[in-house]
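Enquirer: Pasting a structure here, questions to come.
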Amino acid sequence: MTENFTKPFTRQEPIPEPAIEAAVRVMRSGALHRYGADPSEVAALENEFAAQTGAKHALAVASGGYAMGCAMRALGVGPGDPVLTNGWTLAPVPGAIAAVGAKPVLVEVGEDLCIDLDDLEAKAGQARVLMLSHMRGHIADMRRLMAICDAAGVAVIEDCAHTMGAAWDGVPSGRWGAVGCYSCQTYKHVNSGEGGLIVTDDPDLAAKMILLSGSYMLYARNGTAPDEEVFARHKGEMPNVSGRMDELRAAILRPQVADLPEQARRWNARYDALESGLRNLPGLRVIERAKDESYVGSSIQVLADDPARVPDFIAGCVARGVEWKWFGHATAQGFTSAHHHWAYVEAQSLPQTDAILARLLDMRVPLTFDLDDCATITGIVADEAKKHL
C-alpha cells in the first residue's frame, strides 16, 4: 500500500492562550492606535525585543516590508540610488528597494544558498547600502561580509524575515549591520498575521525611523526612544509614513517573542529529522550548515542533481501530499519567484544563481508537524526520488 501524507503545509499552530487573552484585553479597551494606550503593548514589545536581541533601540512596525523601506529611508536611500541585494530572495526584498525608487543591484548566491561573498566584494563599490537577505534562514559568514562592506563604506541592512532567533558566531541575526529588520507575518517565527520589527544601536537612525513611522510628536512613547536632543536633529525633516505597529498585534506578539527560544528548539528538532531523512537520497543534496551558524529550521532546502527531472519528481511528491516549492519555474508560482520574474528590477546576468535556482527545492516545516510526520515525508520523498531522480 502506498503511503500518503495528509496534513497541510500551510497550517499554523493556534495563537497561544496568553496572547489571545492579551488581545481580548486590548479589544475591550478600544485603544488600538499605536499611541492610544498607556501603558502600551507596543512600547512593551519594543523594550522586550531590544532586550532579547541586545539592541539599544527597537521599533515595532506594520510589516517586514515597511521595516526595510523605513531602514533605507533612514539611511538616505532615495530615487535612483543603487542598493545591493541577494540574487536569490523573495519578491518583497527587491520590492522594498523599488518602492523607495532605488535600483536593486543583484549579487550572486553560492551553493550554500548564501550571498556569494566574492561577487559581493567585486560589486561593493557600486552602492553604499546592502540589503542583505538571510534567505530561508541561511546566514553567510558575517565576519567576512562585514569586513567587505566596512572596507567599501557600505551600510548593511539585514533582512531577518527567516532568521528571527538565529545567530552567527553567537551574535543574533540582525545585530551585525546598521539595522536589522524582521517579519511577524503568519509564516514567520512569530505570528501576528502581518507586522515587523526593527533594531539598531544607532540613535540617529532610531530617531529617524520612529519619526518616519508616524509619531505625531509622541516619539518619546517608543519603548526604547533615544534622547530628545537626538530627535531635535531630525524633527521636521523626516516625512510621516504611518507604519508603527498597533496595540492589538503587539499584544499578540509579546508572549510569542518571549517563547521564541523554545519554538526554535522545536523547529530544529523537525528540521534535523527531515535533514537526516533526506541526506544521501539519490539525485538530491542537502545544504550543509556552517559550524558558526545557529539556525531556526522553519524551512528546508535541497538541490537536485538534474533540473530536467525535477518536475516529475515534484508531481510525484504532490500526488502523495508532500509539497515542494521549486525556484526553477518559468513563471512566478504563488510565494515563489526568481529575479527574472521581477519586471520592476532591471534584468541582470546571474549565471551562477540561475544554475542553482534551476535545481533548488524548498519545503516549509510547520510546527503542526511532529517527528512521525517528518518520517512519513522523508519516506515519500525517498520513494519518489528513486523513481524520478
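Here, A, B, ... name the chains of the C-alpha cells in the order displayed, residue numbers run from 1 inside each chain, and ligands are numbered from 1 in the same displayed order.
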Do a neighbour search on Thr331 in chain A at 7 Å with only C-alpha atoms, toss out local chain neighbours closer than 2 positions, and write the hits as a ChimeraX atom specification.
Expert: /A:329,333,341
Enquirer: Take the residues that were just selected and, keeping N, CA and C atoms, output them as an mmCIF file, in the first residue's frame.
Expert:
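What landed in again-v4.cif:
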data_model
loop_
_atom_site.group_PDB
_atom_site.id
_atom_site.type_symbol
_atom_site.label_atom_id
_atom_site.label_comp_id
_atom_site.auth_asym_id
_atom_site.auth_seq_id
_atom_site.Cartn_x
_atom_site.Cartn_y
_atom_site.Cartn_z
ATOM 1 N N HIS A 329 10.876 27.403 -11.895
ATOM 2 C CA HIS A 329 9.725 27.597 -12.776
ATOM 3 C C HIS A 329 9.956 28.771 -13.732
ATOM 4 N N GLN A 333 5.296 31.403 -9.071
ATOM 5 C CA GLN A 333 4.280 30.472 -8.584
ATOM 6 C C GLN A 333 3.953 30.818 -7.139
ATOM 7 N N HIS A 341 11.678 37.119 -12.820
ATOM 8 C CA HIS A 341 10.233 37.338 -12.782
ATOM 9 C C HIS A 341 9.880 38.764 -12.345
#
Enquirer: Can you tell me, as a compact mmCIF listing (two decimals) with N, CA and C atoms, in the first residue's frame, what residues are no more than 8 Å from Arg128 in chain A when counting only C-alpha atoms, ignoring any on the same chain fewer than 5 positions away?
Expert:
# COMPACT_ATOMS: atom_id res chain seq x y z
N PRO A 82 21.52 53.01 -6.22
CA PRO A 82 21.71 51.57 -6.27
C PRO A 82 21.76 50.97 -4.87
N VAL A 83 21.15 49.81 -4.71
CA VAL A 83 21.18 49.07 -3.45
C VAL A 83 21.52 47.62 -3.76
N ALA A 152 34.42 48.97 2.03
CA ALA A 152 33.86 49.69 0.88
C ALA A 152 32.92 50.82 1.30
N GLY A 153 32.73 51.03 2.60
CA GLY A 153 31.82 52.06 3.07
C GLY A 153 30.37 51.75 2.79
N VAL A 154 30.00 50.47 2.83
CA VAL A 154 28.63 50.03 2.56
C VAL A 154 27.91 49.74 3.87
N ALA A 155 26.79 50.42 4.10
CA ALA A 155 25.96 50.15 5.28
C ALA A 155 25.12 48.91 5.02
Enquirer: Tell me, as a PyMOL selection string, which residues lie within 10 Å of Ala91 in chain A, counting only C-alpha atoms; anything in the same chain fewer than 2 positions away does not count.
Expert: chain A and resi 88-89+93-96+332+335-339+341-342
Enquirer: Show me, as JSON, numbers by chain, the residues that have an atom within 8 Å of range 282-287 of chain A when counting only C-alpha atoms, minus same-chain residues fewer than 3 positions from it.
Expert: {"A": [111, 112, 113, 275, 278, 279, 301, 302, 303, 304, 305, 306, 382, 385, 386, 389]}
Enquirer: For the residues in that selection, give me C-alpha atoms as a compact mmCIF listing (two decimals), in the first residue's frame.
Expert:
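The resulting out16.txt:
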# COMPACT_ATOMS: atom_id res chain seq x y z
CA GLU A 111 25.84 26.51 -3.33
CA ASP A 112 25.36 27.20 0.39
CA LEU A 113 22.39 29.42 -0.64
CA GLU A 275 17.60 16.61 7.04
CA LEU A 278 16.81 13.48 3.08
CA ARG A 279 20.56 13.02 3.35
CA GLN A 301 16.06 23.19 1.08
CA VAL A 302 17.73 20.61 -1.14
CA LEU A 303 19.47 20.79 -4.51
CA ALA A 304 18.57 18.33 -7.26
CA ASP A 305 21.34 16.94 -9.44
CA ASP A 306 19.37 17.22 -12.69
CA ALA A 382 12.82 8.75 -0.87
CA ALA A 385 13.50 10.25 -5.70
CA LYS A 386 14.21 6.64 -6.61
CA LEU A 389 15.77 11.38 -9.94
